[in-house]
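Below is the file target-v1.cif, which contains mmCIF, C-alpha atoms.
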data_coords
loop_
_atom_site.label_atom_id
_atom_site.label_comp_id
_atom_site.auth_asym_id
_atom_site.auth_seq_id
_atom_site.Cartn_x
_atom_site.Cartn_y
_atom_site.Cartn_z
CA MET A 1 97.55 63.37 75.82
CA PRO A 2 99.60 65.15 78.51
CA SER A 3 101.95 62.93 80.47
CA GLU A 4 100.81 61.90 83.95
CA ARG A 5 104.44 61.34 84.99
CA PHE A 6 105.29 65.01 85.31
CA VAL A 7 107.86 65.53 88.08
CA HIS A 8 107.09 68.72 89.99
CA ASN A 9 109.94 71.12 90.65
CA THR A 10 109.11 72.43 94.10
CA ASP A 11 112.27 74.57 94.07
CA ILE A 12 110.43 76.95 91.73
CA GLY A 13 107.13 76.71 93.55
CA GLN A 14 105.42 73.98 91.57
CA ASN A 15 102.59 73.19 93.94
CA PHE A 16 99.76 73.11 91.41
CA LEU A 17 96.17 73.90 92.32
CA ILE A 18 93.98 70.88 91.60
CA ASN A 19 90.76 71.88 93.36
CA ARG A 20 88.44 73.24 90.65
CA GLY A 21 86.04 74.63 93.23
CA ILE A 22 88.81 76.79 94.68
CA ALA A 23 89.79 77.88 91.16
CA GLU A 24 86.21 78.95 90.51
CA ARG A 25 86.11 81.01 93.72
CA ILE A 26 89.41 82.71 92.84
CA VAL A 27 88.10 83.73 89.44
CA ASP A 28 84.78 84.85 90.93
CA ALA A 29 86.71 87.21 93.23
CA ALA A 30 88.29 88.86 90.19
CA GLN A 31 84.88 89.81 88.71
CA ILE A 32 86.13 89.51 85.14
CA SER A 33 84.20 91.42 82.47
CA PRO A 34 84.27 91.28 78.64
CA GLN A 35 86.59 94.31 78.66
CA ASP A 36 89.20 92.72 80.92
CA ILE A 37 92.60 91.53 79.81
CA VAL A 38 93.91 89.08 82.40
CA LEU A 39 97.48 88.13 83.27
CA GLU A 40 98.19 84.77 84.91
CA ILE A 41 101.64 84.03 86.31
CA GLY A 42 102.62 80.39 86.69
CA PRO A 43 99.63 78.65 85.09
CA GLY A 44 101.10 75.21 85.76
CA LYS A 45 98.87 72.54 84.25
CA GLY A 46 96.09 75.01 83.51
CA VAL A 47 93.39 74.42 86.12
CA LEU A 48 93.07 78.12 86.90
CA THR A 49 93.71 79.00 83.24
CA ARG A 50 90.66 77.06 82.09
CA GLN A 51 88.52 78.71 84.76
CA ILE A 52 89.62 82.18 83.66
CA LEU A 53 88.76 81.30 80.08
CA ALA A 54 85.28 80.27 81.25
CA THR A 55 84.66 83.98 81.86
CA PRO A 56 83.94 86.51 79.08
CA CYS A 57 87.46 88.01 79.35
CA LYS A 58 88.77 89.79 76.28
CA ALA A 59 92.18 88.07 76.47
CA LEU A 60 94.37 86.03 78.82
CA VAL A 61 98.17 86.16 78.90
CA ALA A 62 99.81 83.32 80.83
CA VAL A 63 103.52 83.54 81.74
CA GLU A 64 105.16 80.20 82.54
CA LEU A 65 108.81 79.45 83.32
CA ASP A 66 108.82 75.66 82.85
CA ARG A 67 108.65 74.69 79.18
CA ARG A 68 107.84 71.09 80.18
CA LEU A 69 104.30 72.33 80.84
CA GLU A 70 103.75 73.07 77.17
CA GLU A 71 102.04 69.70 76.71
CA PHE A 72 99.38 70.79 79.21
CA LEU A 73 99.01 74.42 78.17
CA SER A 74 99.34 74.43 74.38
CA PRO A 75 96.14 72.40 73.84
CA ILE A 76 94.25 75.03 75.86
CA ALA A 77 95.65 77.80 73.65
CA GLN A 78 94.72 75.84 70.54
CA GLN A 79 91.14 75.52 71.79
CA ASP A 80 90.77 79.19 72.77
CA PRO A 81 92.53 81.92 70.76
CA ARG A 82 92.09 84.38 73.64
CA LEU A 83 95.01 82.66 75.43
CA SER A 84 98.56 83.83 74.72
CA LEU A 85 101.39 81.78 76.24
CA ILE A 86 104.62 83.53 77.17
CA TRP A 87 107.51 81.26 78.11
CA GLY A 88 109.90 82.93 80.52
CA ASP A 89 110.63 84.11 84.04
CA ALA A 90 108.06 86.70 85.11
CA LEU A 91 110.65 88.33 87.35
CA ARG A 92 113.02 88.86 84.41
CA LEU A 93 110.48 89.96 81.82
CA ASP A 94 109.57 93.59 81.33
CA LEU A 95 105.84 93.16 81.78
CA SER A 96 105.14 96.55 80.24
CA ARG A 97 106.77 95.50 76.95
CA ASP A 98 107.26 91.73 76.76
CA ILE A 99 103.62 90.63 76.90
CA PRO A 100 101.18 91.35 74.06
CA PHE A 101 98.57 93.29 76.06
CA HIS A 102 98.45 95.57 79.08
CA PRO A 103 96.37 93.64 81.63
CA THR A 104 93.61 95.18 83.67
CA LYS A 105 93.61 92.27 86.13
CA VAL A 106 96.03 89.64 87.43
CA VAL A 107 94.78 86.26 88.61
CA ALA A 108 97.50 83.90 89.79
CA ASN A 109 98.65 81.12 92.10
CA LEU A 110 102.03 82.70 92.82
CA PRO A 111 105.18 80.72 93.60
CA TYR A 112 105.47 81.53 97.28
CA HIS A 113 109.21 82.22 97.35
CA ILE A 114 108.81 85.15 94.93
CA THR A 115 105.59 86.65 96.28
CA THR A 116 106.97 89.98 97.52
CA PRO A 117 109.24 90.75 94.53
CA ILE A 118 106.58 89.77 91.98
CA VAL A 119 103.90 91.92 93.64
CA TRP A 120 106.30 94.88 93.65
CA LYS A 121 107.06 94.22 89.98
CA LEU A 122 103.38 94.10 89.07
CA LEU A 123 102.80 97.40 90.85
CA GLU A 124 105.83 99.07 89.28
CA GLU A 125 105.31 97.94 85.69
CA LEU A 126 101.57 97.45 85.30
CA ALA A 127 99.76 99.78 87.74
CA PRO A 128 100.73 102.87 85.68
CA LEU A 129 99.31 101.13 82.57
CA GLY A 130 95.83 100.47 83.93
CA LEU A 131 96.02 97.46 86.25
CA VAL A 132 93.04 97.73 88.59
CA ARG A 133 92.86 94.41 90.46
CA MET A 134 94.95 91.42 91.48
CA VAL A 135 93.58 88.20 92.93
CA LEU A 136 96.51 86.20 94.22
CA MET A 137 97.03 82.87 95.95
CA VAL A 138 99.88 83.34 98.41
CA GLN A 139 101.24 81.78 101.57
CA ARG A 140 99.07 82.71 104.55
CA GLU A 141 101.87 84.60 106.30
CA ALA A 142 102.53 86.69 103.18
CA ALA A 143 98.81 87.44 102.98
CA MET A 144 98.80 88.68 106.57
CA ARG A 145 101.70 91.03 105.84
CA MET A 146 99.91 92.52 102.83
CA LEU A 147 96.62 92.76 104.70
CA GLN A 148 98.29 94.81 107.43
CA GLY A 149 96.69 98.08 106.40
CA ALA A 150 97.04 99.69 109.80
CA LYS A 151 99.61 99.97 112.56
CA GLY A 152 101.00 96.58 113.62
CA LYS A 153 103.97 94.23 113.69
CA ASP A 154 103.28 92.92 110.16
CA ARG A 155 103.46 96.41 108.66
CA SER A 156 105.93 96.55 105.76
CA PRO A 157 106.95 98.79 102.85
CA LEU A 158 104.69 96.73 100.60
CA SER A 159 101.63 96.92 102.86
CA VAL A 160 102.07 100.69 103.25
CA THR A 161 102.29 101.08 99.47
CA LEU A 162 99.26 98.86 98.84
CA GLU A 163 97.21 100.88 101.32
CA ALA A 164 98.29 104.09 99.61
CA MET A 165 97.21 102.74 96.22
CA GLY A 166 93.89 101.18 97.18
CA TRP A 167 93.04 98.35 99.53
CA VAL A 168 93.67 94.66 100.20
CA SER A 169 91.03 92.16 101.30
CA LYS A 170 91.09 88.45 102.03
CA ALA A 171 88.98 86.35 99.71
CA ILE A 172 89.36 82.75 100.94
CA SER A 173 91.56 80.40 102.94
CA VAL A 174 92.91 77.41 101.04
CA PRO A 175 94.00 74.13 102.70
CA PRO A 176 97.19 72.32 101.66
CA GLY A 177 95.15 69.46 100.21
CA ALA A 178 93.99 71.72 97.35
CA PHE A 179 97.45 71.35 95.77
CA ARG A 180 99.70 68.66 94.33
CA PRO A 181 102.23 68.09 95.65
CA ILE A 182 100.78 69.07 99.01
CA PRO A 183 102.70 72.07 100.43
CA LYS A 184 103.80 72.30 104.05
CA VAL A 185 102.16 75.71 104.47
CA ASN A 186 98.65 77.12 104.50
CA SER A 187 97.51 79.44 101.75
CA SER A 188 95.20 82.42 101.35
CA VAL A 189 93.69 84.21 98.39
CA ILE A 190 93.83 87.99 98.61
CA ARG A 191 92.28 90.65 96.42
CA ILE A 192 94.23 93.86 95.78
CA ASP A 193 92.30 96.78 94.30
CA ILE A 194 94.19 99.73 92.83
CA ASP A 195 92.45 103.06 92.29
CA LYS A 196 94.97 105.83 93.07
CA ASN A 197 98.65 106.79 93.35
CA ARG A 198 99.56 104.53 90.43
CA GLU A 199 103.05 106.01 90.05
CA LEU A 200 103.96 105.57 93.72
CA PRO A 201 105.89 102.26 93.40
CA THR A 202 108.25 103.85 90.88
CA ASP A 203 108.78 107.04 92.92
CA PRO A 204 112.41 106.80 94.14
CA ARG A 205 111.75 109.15 97.06
CA TRP A 206 108.89 106.97 98.32
CA ARG A 207 110.98 103.82 98.03
CA ARG A 208 114.02 105.40 99.74
CA MET A 209 111.81 106.65 102.59
CA LEU A 210 110.33 103.21 103.22
CA LYS A 211 113.67 101.42 102.86
CA ALA A 212 115.32 103.76 105.35
CA SER A 213 112.43 103.58 107.82
CA PHE A 214 112.03 99.79 107.83
CA SER A 215 115.72 98.91 107.45
CA GLN A 216 115.98 97.38 110.93
CA ARG A 217 112.63 96.59 112.48
CA ARG A 218 113.90 96.45 116.05
CA LYS A 219 115.29 99.95 115.81
CA ASN A 220 113.25 103.12 116.00
CA LEU A 221 112.83 105.58 113.15
CA LEU A 222 115.45 107.99 114.47
CA ASN A 223 118.15 105.31 114.51
CA ASN A 224 117.17 103.95 111.11
CA TRP A 225 117.11 107.40 109.56
CA GLN A 226 120.46 108.27 111.09
CA ALA A 227 121.95 105.08 109.61
CA ALA A 228 120.56 106.22 106.24
CA GLY A 229 122.40 109.55 106.53
CA ILE A 230 119.73 111.81 108.01
CA PRO A 231 121.16 113.91 110.89
CA ARG A 232 119.58 113.08 114.23
CA GLU A 233 118.43 116.66 114.77
CA GLU A 234 116.58 116.60 111.45
CA GLY A 235 115.03 113.24 112.32
CA GLU A 236 113.84 114.62 115.64
CA ARG A 237 112.19 117.56 113.89
CA ARG A 238 110.33 115.17 111.58
CA ILE A 239 109.20 112.97 114.46
CA GLU A 240 107.95 116.00 116.39
CA ALA A 241 106.10 117.39 113.35
CA LEU A 242 104.24 114.09 113.05
CA GLY A 243 103.24 114.13 116.70
CA LEU A 244 105.12 110.90 117.43
CA MET A 245 107.10 109.78 120.45
CA ALA A 246 110.87 109.97 120.07
CA ASN A 247 111.15 106.16 120.10
CA ALA A 248 108.48 105.55 117.44
CA ARG A 249 109.03 102.67 115.02
CA ALA A 250 108.01 102.40 111.39
CA GLU A 251 105.25 99.90 112.17
CA GLU A 252 103.46 102.57 114.25
CA LEU A 253 102.87 105.16 111.53
CA THR A 254 99.51 105.69 109.86
CA LEU A 255 99.17 106.10 106.10
CA ASP A 256 98.58 109.84 106.48
CA GLN A 257 101.83 110.15 108.40
CA TRP A 258 103.72 108.26 105.67
CA LEU A 259 102.24 110.52 103.00
CA THR A 260 103.20 113.59 105.00
CA LEU A 261 106.78 112.33 105.30
CA ALA A 262 106.98 111.56 101.60
CA ARG A 263 105.62 114.92 100.48
CA GLY A 264 107.28 117.18 102.99
CA TYR A 265 110.90 116.02 103.19
CA GLU A 266 113.88 114.96 101.10
CA TRP A 267 114.98 111.32 101.19
#
Whole structure, structure tokens version:
Amino acid sequence: MPSERFVHNTDIGQNFLINRGIAERIVDAAQISPQDIVLEIGPGKGVLTRQILATPCKALVAVELDRRLEEFLSPIAQQDPRLSLIWGDALRLDLSRDIPFHPTKVVANLPYHITTPIVWKLLEELAPLGLVRMVLMVQREAAMRMLQGAKGKDRSPLSVTLEAMGWVSKAISVPPGAFRPIPKVNSSVIRIDIDKNRELPTDPRWRRMLKASFSQRRKNLLNNWQAAGIPREEGERRIEALGLMANARAEELTLDQWLTLARGYEW
């Protein structure tokens, strides 16, 4: 039997979901079919893992960093051959090569301190290979930043990219009491659907454009672009072509304006 004396390592985000009702709602949001191969990052003690395996999924790959959790997860794999356990750091793995299948969906309770880099990694390495949906438990503030699919202060390179690739919707809010140990933050489950521009996250021009534009949020585009090496006169021409005010900031641009910038200019 698994030990009940497991000491959680909160430094690596070990706030495990214990509410089975929440786990069921997360999996329901993924709409898993018999053709789906699912990737779970950070399965912990397996509450969400078991719920995923209650669906007709074709296969489930679970990537876990902490080998101490083997006593909880290995029995699940022994009971259901659809589950493959990969022991390692999801941020260090090459997800296009180091896992046995190319997933169509990701369902995960993400460690909150790596939310942004892991979502970028999933987009970069798996979207070109057929990933169509992610259902992710994240900190509420991170969810708001990814949900910012229009002009606003929470706009970010990631939210612009997600909007360009599909859409993001909020599935459910999750209270701290759904986890052990209880976190000091509120959580949200978001659903990310991907149906176009699958190569965009790996396009160096797109990434350079966003990095230059959002480099200092309090500065306007002209100043940020100039700091990135774009002459002010050229920046002014771009701003004018987009129909923007001279003091426009990155958070004010629409998706169409970002796409126009990416397609029409060098970065």
List the spatial neighbours of A:Pro176 as a PDB file with C-alpha atoms, keeping the file's coordinate frame - criterion: any atom at most 10 Å away, all atoms listed in the file, same-chain residues fewer than 3 positions off excluded.
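Result went into result23.pdb, see below:
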ATOM      1  CA  ASN A  15     102.590  73.190  93.940  1.00  0.00           C
ATOM      2  CA  LEU A  17      96.170  73.900  92.320  1.00  0.00           C
ATOM      3  CA  SER A 173      91.560  80.400 102.940  1.00  0.00           C
ATOM      4  CA  PHE A 179      97.450  71.350  95.770  1.00  0.00           C
ATOM      5  CA  ARG A 180      99.700  68.660  94.330  1.00  0.00           C
ATOM      6  CA  PRO A 181     102.230  68.090  95.650  1.00  0.00           C
ATOM      7  CA  ILE A 182     100.780  69.070  99.010  1.00  0.00           C
ATOM      8  CA  PRO A 183     102.700  72.070 100.430  1.00  0.00           C
ATOM      9  CA  LYS A 184     103.800  72.300 104.050  1.00  0.00           C
ATOM     10  CA  VAL A 185     102.160  75.710 104.470  1.00  0.00           C
ATOM     11  CA  ASN A 186      98.650  77.120 104.500  1.00  0.00           C
ATOM     12  CA  SER A 187      97.510  79.440 101.750  1.00  0.00           C
TER      13      SER A 187
END
* Name the closest residue to A:Ser188 among the candidates A:Leu158, A:Ala171, A:Leu126, A:Leu53; distances are taken between atoms, counting all atoms listed in the file. =>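 Closest to A:Ser188, using all atoms listed in the file: A:Ala171.
The space separating atom CA of A:Arg238 from atom CA of A:Asp256 comes to 13.9 Å.
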* Structure fact -> Judged by all atoms listed in the file, the minimum distance to A:Ala212 among A:Pro157, A:Gly21, A:Gly166, A:Pro56 is found for A:Pro157
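Checking A:Ser169, A:Gln216, A:Thr104, A:Thr116 one by one against A:Leu131, counting all atoms listed in the file, you find the shortest gap at A:Thr104.
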* Asked: For A:Val135, which of A:Asn109, A:Asn224, A:Ser84, A:Gln51 is the closest residue, counting all atoms listed in the file?
  ->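 Under the stated criterion, the closest residue is A:Asn109.
The gap separating atom CA of A:Arg218 from atom CA of A:Asn247 is 10.9 Å, in Å to one decimal.
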* For the atom pair atom CA of A:Ala262 and atom CA of A:Leu129, what is the interatomic distance in Å to one decimal place? ->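 According to the coordinates, atom CA of A:Ala262 and atom CA of A:Leu129 are separated by 23.0 Å.
Of the listed residues A:His8, A:Arg20, A:Lys196, A:Arg140, the one whose atoms come nearest to A:Leu123 is A:Lys196, with distances taken using all atoms listed in the file.
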* To do: Please provide as an MDAnalysis selection string all residues within 10 Å of A:Ile41, with the sequence filter that same-chain residues fewer than 6 positions apart are discarded (counting all atoms listed in the file).
  => chainID A and resid 49 61:65 86 89:90 106:111 118 136
* **Residue among A:Leu48, A:Trp206, A:Met245, A:Asp66 lying closest to A:Thr260, counting all atoms listed in the file** => A:Trp206
* Asked: Do you know which residues the PyMOL selection byres ((chain A and resi 250) around 9) returns on this file, as a PyMOL selection string?
  -> chain A and resi 151+155-156+210+213-214+217+219-221+248-249+251-253
* **Selection: 9 Å around A:Ile194, all atoms listed in the file, excl. self and same-chain fewer than 3 positions, as a VMD selection string** => chain A and resid 127 131 to 134 162 165 to 168 197 to 198
* **Selection result for the PyMOL selection byres ((chain A and resi 125) around 10) on this file, as an MDAnalysis selection string** => chainID A and resid 94:97 102 120:124 126:131 198:199 201:202
* Could you state which residues are captured by the PyMOL selection byres ((chain A and resi 34) around 6) in this file, as number ranges by chain? => A: 33, 35-36, 56-58
Incomplete stretch 12-30 of chain A brought to N, CA and C atoms, written out as an mmCIF file, keeping the file's coordinate frame:
data_model
loop_
_atom_site.group_PDB
_atom_site.id
_atom_site.type_symbol
_atom_site.label_atom_id
_atom_site.label_comp_id
_atom_site.auth_asym_id
_atom_site.auth_seq_id
_atom_site.Cartn_x
_atom_site.Cartn_y
_atom_site.Cartn_z
ATOM 1 N N ILE A 12 110.966 75.751 92.373
ATOM 2 C CA ILE A 12 110.430 76.950 91.730
ATOM 3 C C ILE A 12 108.938 77.112 92.015
ATOM 4 N N GLY A 13 108.503 76.485 93.097
ATOM 5 C CA GLY A 13 107.130 76.710 93.550
ATOM 6 C C GLY A 13 106.069 75.922 92.819
ATOM 7 N N GLN A 14 106.410 74.747 92.311
ATOM 8 C CA GLN A 14 105.420 73.980 91.570
ATOM 9 C C GLN A 14 104.548 73.139 92.496
ATOM 10 N N ASN A 15 103.672 73.823 93.204
ATOM 11 C CA ASN A 15 102.590 73.190 93.940
ATOM 12 C C ASN A 15 101.316 73.606 93.216
ATOM 13 N N PHE A 16 100.830 72.737 92.323
ATOM 14 C CA PHE A 16 99.760 73.110 91.410
ATOM 15 C C PHE A 16 98.394 72.970 92.069
ATOM 16 N N LEU A 17 97.548 73.950 91.839
ATOM 17 C CA LEU A 17 96.170 73.900 92.320
ATOM 18 C C LEU A 17 95.418 72.828 91.543
ATOM 19 N N ILE A 18 94.767 71.934 92.263
ATOM 20 C CA ILE A 18 93.980 70.880 91.600
ATOM 21 C C ILE A 18 92.498 70.976 91.935
ATOM 22 N N ASN A 19 92.151 71.775 92.916
ATOM 23 C CA ASN A 19 90.760 71.880 93.360
ATOM 24 C C ASN A 19 90.025 72.877 92.456
ATOM 25 N N ARG A 20 89.146 72.381 91.606
ATOM 26 C CA ARG A 20 88.440 73.240 90.650
ATOM 27 C C ARG A 20 87.460 74.178 91.351
ATOM 28 N N GLY A 21 86.932 73.762 92.480
ATOM 29 C CA GLY A 21 86.040 74.630 93.230
ATOM 30 C C GLY A 21 86.764 75.864 93.747
ATOM 31 N N ILE A 22 87.991 75.663 94.232
ATOM 32 C CA ILE A 22 88.810 76.790 94.680
ATOM 33 C C ILE A 22 89.133 77.693 93.493
ATOM 34 N N ALA A 23 89.487 77.086 92.363
ATOM 35 C CA ALA A 23 89.790 77.880 91.160
ATOM 36 C C ALA A 23 88.597 78.741 90.759
ATOM 37 N N GLU A 24 87.417 78.191 90.849
ATOM 38 C CA GLU A 24 86.210 78.950 90.510
ATOM 39 C C GLU A 24 86.018 80.126 91.454
ATOM 40 N N ARG A 25 86.277 79.922 92.738
ATOM 41 C CA ARG A 25 86.110 81.010 93.720
ATOM 42 C C ARG A 25 87.158 82.101 93.510
ATOM 43 N N ILE A 26 88.369 81.714 93.121
ATOM 44 C CA ILE A 26 89.410 82.710 92.840
ATOM 45 C C ILE A 26 88.976 83.595 91.679
ATOM 46 N N VAL A 27 88.503 82.977 90.619
ATOM 47 C CA VAL A 27 88.100 83.730 89.440
ATOM 48 C C VAL A 27 86.866 84.583 89.739
ATOM 49 N N ASP A 28 85.954 84.059 90.533
ATOM 50 C CA ASP A 28 84.780 84.850 90.930
ATOM 51 C C ASP A 28 85.198 86.128 91.649
ATOM 52 N N ALA A 29 86.245 86.035 92.477
ATOM 53 C CA ALA A 29 86.710 87.210 93.230
ATOM 54 C C ALA A 29 87.259 88.284 92.307
ATOM 55 N N ALA A 30 87.726 87.884 91.125
ATOM 56 C CA ALA A 30 88.290 88.860 90.190
ATOM 57 C C ALA A 30 87.223 89.647 89.449
#
